[in-house]
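final-v9.tsv follows (TSV, C-alpha atoms):
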chain	number	residue	atom	x	y	z
S	262	MET	CA	76.72	-19.86	-70.79
S	263	GLU	CA	73.77	-19.49	-73.15
S	264	GLN	CA	71.45	-20.84	-70.48
S	265	GLU	CA	72.73	-18.30	-67.94
S	266	ILE	CA	72.25	-15.46	-70.41
S	267	SER	CA	68.71	-16.60	-71.25
S	268	ILE	CA	67.78	-16.73	-67.57
S	269	LEU	CA	69.15	-13.23	-67.05
S	270	GLN	CA	67.17	-12.04	-70.05
S	271	LEU	CA	64.01	-13.62	-68.64
S	272	ILE	CA	64.54	-11.82	-65.34
S	273	MET	CA	65.23	-8.52	-67.09
S	274	HIS	CA	62.01	-8.80	-69.09
S	275	ALA	CA	59.85	-9.98	-66.18
S	276	SER	CA	57.26	-7.70	-64.59
S	277	ILE	CA	58.37	-5.39	-61.80
S	278	VAL	CA	56.54	-7.48	-59.17
S	279	VAL	CA	58.31	-10.68	-60.27
S	280	GLN	CA	61.64	-8.85	-60.29
S	281	LEU	CA	61.05	-7.61	-56.73
S	282	ILE	CA	60.19	-11.14	-55.60
S	283	ILE	CA	63.32	-12.52	-57.27
S	284	GLY	CA	65.37	-9.78	-55.63
S	285	LEU	CA	63.94	-10.70	-52.21
S	286	LEU	CA	64.75	-14.37	-52.81
S	287	LEU	CA	68.32	-13.50	-53.78
S	288	LEU	CA	68.68	-11.56	-50.52
S	289	PHE	CA	67.39	-14.63	-48.67
S	290	SER	CA	69.96	-16.73	-50.49
S	291	VAL	CA	72.86	-14.46	-49.52
S	292	ALA	CA	71.73	-14.36	-45.87
S	293	SER	CA	71.15	-18.12	-45.87
S	294	TRP	CA	74.63	-18.92	-47.17
S	295	ALA	CA	76.17	-16.49	-44.66
S	296	ILE	CA	74.45	-18.36	-41.82
S	297	ILE	CA	75.42	-21.74	-43.29
S	298	PHE	CA	79.07	-20.77	-43.56
S	299	SER	CA	79.13	-19.28	-40.05
S	300	LYS	CA	77.47	-22.32	-38.47
S	301	TRP	CA	79.69	-24.72	-40.39
S	302	LEU	CA	82.76	-23.01	-38.93
S	303	SER	CA	81.47	-22.65	-35.36
S	304	LEU	CA	80.09	-26.19	-35.08
S	305	GLY	CA	83.19	-27.64	-36.72
S	306	LEU	CA	85.32	-25.84	-34.12
S	307	ALA	CA	83.04	-27.02	-31.31
S	308	LYS	CA	83.26	-30.67	-32.41
S	309	SER	CA	87.03	-30.44	-32.76
S	310	LYS	CA	87.48	-28.82	-29.32
S	311	THR	CA	85.10	-31.31	-27.72
S	312	SER	CA	87.05	-34.31	-29.00
S	313	SER	CA	90.36	-32.71	-28.03
S	314	PHE	CA	89.27	-31.82	-24.49
S	315	LEU	CA	87.68	-35.21	-23.83
S	316	ARG	CA	91.00	-36.85	-24.71
S	317	GLN	CA	92.78	-34.46	-22.32
S	318	PHE	CA	90.25	-35.07	-19.56
S	319	HIS	CA	90.36	-38.85	-19.76
S	320	SER	CA	94.16	-38.97	-19.94
S	321	SER	CA	94.86	-36.26	-17.35
S	322	SER	CA	96.35	-37.32	-14.03
S	323	SER	CA	95.61	-33.98	-12.36
S	324	ILE	CA	92.30	-32.15	-12.54
S	325	SER	CA	93.93	-29.05	-11.05
S	326	LYS	CA	96.54	-28.91	-13.81
S	327	LEU	CA	93.89	-29.39	-16.48
S	328	TYR	CA	91.83	-26.58	-14.96
S	329	THR	CA	94.86	-24.28	-14.90
S	330	SER	CA	95.76	-25.11	-18.49
S	331	ILE	CA	92.34	-23.99	-19.84
S	332	SER	CA	91.83	-21.02	-17.52
S	333	GLY	CA	93.47	-18.65	-19.99
S	334	ASN	CA	91.26	-19.69	-22.91
S	335	GLU	CA	88.91	-16.83	-23.74
S	336	HIS	CA	86.49	-18.87	-25.85
S	337	LYS	CA	85.64	-22.07	-24.02
S	338	LEU	CA	83.24	-24.36	-25.86
S	339	CYS	CA	81.07	-27.34	-24.94
S	340	VAL	CA	82.63	-29.77	-22.45
S	341	GLU	CA	85.57	-27.45	-21.85
S	342	ALA	CA	83.15	-24.73	-20.69
S	343	LEU	CA	81.25	-27.27	-18.56
S	344	PHE	CA	84.43	-28.42	-16.85
S	345	PHE	CA	85.55	-24.85	-16.15
S	346	ASP	CA	82.15	-23.76	-14.81
S	347	GLY	CA	81.83	-26.92	-12.71
S	348	ILE	CA	85.23	-26.45	-11.08
S	349	ASN	CA	84.49	-22.76	-10.45
S	350	GLU	CA	81.22	-23.69	-8.74
S	351	TYR	CA	82.99	-26.32	-6.63
S	352	ASN	CA	85.66	-23.83	-5.55
S	353	LYS	CA	83.02	-21.19	-4.81
S	354	LEU	CA	81.10	-23.57	-2.54
S	355	ASN	CA	84.34	-24.65	-0.86
S	356	LYS	CA	85.27	-21.04	-0.08
S	357	GLN	CA	81.81	-20.48	1.41
S	358	GLY	CA	82.33	-23.45	3.72
S	359	ILE	CA	79.56	-25.54	2.16
S	360	THR	CA	80.64	-29.17	2.57
S	361	GLN	CA	77.41	-31.19	2.55
S	362	LYS	CA	77.71	-33.63	-0.34
S	363	GLU	CA	74.07	-33.36	-1.44
S	364	VAL	CA	74.16	-29.55	-1.47
S	365	VAL	CA	77.46	-29.43	-3.35
S	366	LEU	CA	76.33	-31.92	-5.99
S	367	GLU	CA	72.99	-30.18	-6.41
S	368	ASN	CA	74.60	-26.77	-6.94
S	369	ILE	CA	77.17	-28.13	-9.38
S	370	ASP	CA	74.42	-29.96	-11.28
S	371	ARG	CA	72.49	-26.69	-11.66
S	372	SER	CA	75.65	-24.93	-12.80
S	373	LEU	CA	76.32	-27.62	-15.42
S	374	SER	CA	72.71	-27.50	-16.64
S	375	ALA	CA	72.89	-23.72	-17.02
S	376	SER	CA	76.18	-24.02	-18.89
S	377	ILE	CA	74.75	-26.64	-21.27
S	378	GLU	CA	71.70	-24.48	-21.93
S	379	SER	CA	73.92	-21.45	-22.62
S	380	GLN	CA	76.06	-23.44	-25.07
S	381	ILE	CA	73.03	-24.87	-26.91
S	382	ASP	CA	71.39	-21.44	-27.15
S	383	LYS	CA	74.58	-20.08	-28.71
S	384	PHE	CA	74.75	-22.88	-31.27
S	385	GLU	CA	71.05	-22.61	-32.14
S	386	HIS	CA	71.28	-18.86	-32.76
S	387	SER	CA	70.12	-18.02	-36.33
S	388	LEU	CA	68.96	-21.59	-37.01
S	389	SER	CA	65.34	-20.44	-36.83
S	390	THR	CA	66.13	-17.86	-39.53
S	391	LEU	CA	67.59	-20.62	-41.70
S	392	ALA	CA	64.47	-22.72	-41.15
S	393	THR	CA	62.28	-19.75	-42.07
S	394	PHE	CA	64.16	-19.23	-45.34
S	395	GLY	CA	63.79	-22.91	-46.13
S	396	SER	CA	60.05	-22.96	-45.46
S	397	VAL	CA	58.85	-19.67	-46.97
S	398	SER	CA	61.10	-19.33	-50.04
S	399	PRO	CA	59.20	-21.84	-52.22
S	400	TYR	CA	55.92	-20.08	-51.45
S	401	ILE	CA	57.36	-16.67	-52.23
S	402	GLY	CA	58.72	-18.07	-55.49
S	403	LEU	CA	55.31	-19.58	-56.24
S	404	LEU	CA	53.70	-16.19	-55.63
S	405	GLY	CA	56.05	-14.72	-58.22
S	406	THR	CA	55.15	-17.50	-60.66
S	407	VAL	CA	51.40	-17.03	-60.20
S	408	TRP	CA	51.74	-13.29	-60.61
S	409	GLY	CA	53.93	-13.69	-63.69
S	410	ILE	CA	51.55	-16.16	-65.37
S	411	MET	CA	48.60	-13.92	-64.60
S	412	HIS	CA	50.51	-10.97	-66.06
S	413	ALA	CA	51.38	-13.04	-69.15
S	414	PHE	CA	47.77	-14.04	-69.80
S	415	ILE	CA	46.56	-10.48	-69.31
S	416	GLY	CA	49.09	-9.39	-71.93
S	417	LEU	CA	48.00	-12.26	-74.17
S	418	GLY	CA	44.37	-11.23	-73.91
S	419	ALA	CA	45.27	-7.66	-74.83
S	420	SER	CA	47.27	-8.73	-77.88
S	421	GLY	CA	44.71	-11.27	-79.04
S	422	GLN	CA	47.41	-13.65	-80.34
S	423	ALA	CA	47.23	-17.09	-78.69
S	424	THR	CA	50.40	-18.64	-80.07
S	425	LEU	CA	53.16	-20.56	-78.26
S	426	SER	CA	55.72	-17.91	-79.11
S	427	THR	CA	53.67	-15.26	-77.37
S	428	VAL	CA	52.75	-17.34	-74.29
S	429	ALA	CA	56.06	-19.15	-73.66
S	430	PRO	CA	58.27	-16.16	-72.71
S	431	GLY	CA	55.84	-14.86	-70.09
S	432	ILE	CA	55.39	-18.29	-68.51
S	433	ALA	CA	59.14	-18.92	-68.56
S	434	GLU	CA	59.75	-15.59	-66.83
S	435	ALA	CA	57.24	-16.55	-64.15
S	436	LEU	CA	58.73	-20.01	-63.57
S	437	VAL	CA	62.15	-18.49	-62.87
S	438	ALA	CA	60.77	-17.21	-59.56
S	439	THR	CA	59.81	-20.73	-58.46
S	440	ALA	CA	63.21	-22.08	-59.50
S	441	ILE	CA	65.02	-19.41	-57.46
S	442	GLY	CA	62.73	-20.09	-54.50
S	443	LEU	CA	63.73	-23.76	-54.58
S	444	PHE	CA	67.37	-22.75	-55.02
S	445	VAL	CA	67.13	-20.87	-51.71
S	446	ALA	CA	65.03	-23.46	-49.85
S	447	ILE	CA	66.87	-26.70	-50.63
S	448	PRO	CA	70.33	-25.74	-49.24
S	449	ALA	CA	68.68	-24.06	-46.24
S	450	TYR	CA	66.71	-27.21	-45.38
S	451	ILE	CA	69.72	-29.49	-45.84
S	452	ALA	CA	71.94	-27.25	-43.71
S	453	TYR	CA	69.27	-26.83	-41.02
S	454	ASN	CA	68.86	-30.60	-40.64
S	455	LYS	CA	72.63	-31.14	-40.60
S	456	PHE	CA	73.26	-28.45	-38.00
S	457	THR	CA	70.35	-29.62	-35.84
S	458	SER	CA	71.84	-33.12	-35.85
S	459	ASP	CA	75.31	-31.75	-34.94
S	460	ILE	CA	73.88	-29.69	-32.07
S	461	SER	CA	71.95	-32.70	-30.78
S	462	SER	CA	75.16	-34.76	-30.83
S	463	LEU	CA	77.04	-32.03	-28.92
S	464	ASN	CA	74.20	-31.80	-26.43
S	465	ASN	CA	74.40	-35.55	-25.78
S	466	LYS	CA	78.17	-35.35	-25.29
S	467	MET	CA	77.82	-32.45	-22.86
S	468	ASN	CA	75.17	-34.25	-20.82
S	469	LYS	CA	77.29	-37.39	-20.72
S	470	PHE	CA	80.32	-35.37	-19.63
S	471	GLY	CA	78.19	-33.63	-16.99
S	472	ASP	CA	77.35	-37.02	-15.47
S	473	GLU	CA	81.04	-38.01	-15.54
S	474	PHE	CA	81.99	-34.74	-13.86
S	475	LEU	CA	79.38	-35.18	-11.11
S	476	ASN	CA	80.68	-38.69	-10.46
S	477	LEU	CA	84.20	-37.25	-10.21
S	478	ILE	CA	83.07	-34.65	-7.68
S	479	ASN	CA	81.10	-37.28	-5.77
S	480	ARG	CA	84.17	-39.51	-5.44
S	481	ARG	CA	86.27	-36.55	-4.31
S	482	LEU	CA	83.69	-35.63	-1.67
S	483	MET	CA	83.60	-39.20	-0.39
S	484	VAL	CA	87.40	-39.26	-0.07
S	485	THR	CA	87.54	-35.90	1.71
S	486	THR	CA	84.58	-36.49	4.02
S	487	SER	CA	86.76	-36.73	7.08
S	488	THR	CA	89.21	-34.00	6.03
S	489	ASN	CA	89.01	-30.40	4.88
S	490	GLN	CA	88.09	-29.88	1.22
S	491	ASP	CA	90.65	-28.30	-1.05
S	492	SER	CA	90.02	-26.03	-3.98
S	493	MET	CA	90.77	-27.45	-7.39
This entry written out as structure tokens:
Amino acid sequence: MEQEISILQLIMHASIVVQLIIGLLLLFSVASWAIIFSKWLSLGLAKSKTSSFLRQFHSSSSISKLYTSISGNEHKLCVEALFFDGINEYNKLNKQGITQKEVVLENIDRSLSASIESQIDKFEHSLSTLATFGSVSPYIGLLGTVWGIMHAFIGLGASGQATLSTVAPGIAEALVATAIGLFVAIPAYIAYNKFTSDISSLNNKMNKFGDEFLNLINRRLMVTTSTNQDSM
């Protein structure tokens, strides 16, 4: 508790410029933790839904029933969204009378690619802000430290007393800015790397599922070559 009080006292006695810099860093910290918490929830949900749907897909005996069961879901994520968009594209082509295998597969492939890109863009939203906080916060804190030390030495020169007791408080006040800058940057960097890895993993799973789905459609087209195609 004494350490916390001393740090607060140092901030209260710092120059106005250092206080403004510390205030900016604290705002960065609040925004950073808000993004971290939001991404942790959304990516956790995406990973959970991905695992759940893949189990359903691989164990399902009827693609039509699986499609019907997820049609009412308002927030489809990852492979679930890919499956839904792919089936919709297949049904759309079927209603238009397009039956050529190459054309059907090409259109579904484009639909899946667009769906993957849309999902990744959604997951990557605000990550650049998190990366910015992680990269610029130490430098902003260092600016506050340099300014504070310069201010301390100017005050020291005016007083004419070069003792440790007169120099130490000003330097300590200045170093607080660097410490807060690191406090903002370190969690932001760790979270950014973790979320980037999670998104890359989801991207790989979606691409793998996209290949599986195209193979499924290809087999269906081969079976129905000599008959009329049915909607799924």
Query - Which residue of S:Lys455, S:His319, S:Lys300, S:His386 approaches S:Phe470 most closely, using only C-alpha atoms - result: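 The answer is S:His319, which sits nearest to S:Phe470.
Closest approach to S:Ile478 among S:Ala292, S:Val364, S:Leu285, S:Ala342 is made by S:Val364 (distances from only C-alpha atoms).
The gap separating atom CA of S:Ser276 from atom CA of S:Phe444 is 20.5 Å, in Å to one decimal.
All residues that come within 10 Å of the coordinates (93.6, -32.7, -15.3), counting only C-alpha atoms, are given as Gln317, Phe318, His319, Ser320, Ser321, Ser322, Ser323, Ile324, Ser325, Lys326, Leu327, Tyr328, Thr329, Ser330, Ile331 and Met493 of chain S.
With only C-alpha atoms taken into account, the protein and nucleic acid residues at most 9 Å from S:Ala438 (excluding it and anything under 3 positions from it in its own chain) are Ile272, Val279, Gln280, Ile282, Ile283, Leu286, Pro399, Ile401, Gly402, Leu403, Leu404, Gly405, Thr406, Gly409, Glu434, Ala435, Ile441, Gly442 and Leu443 of chain S.
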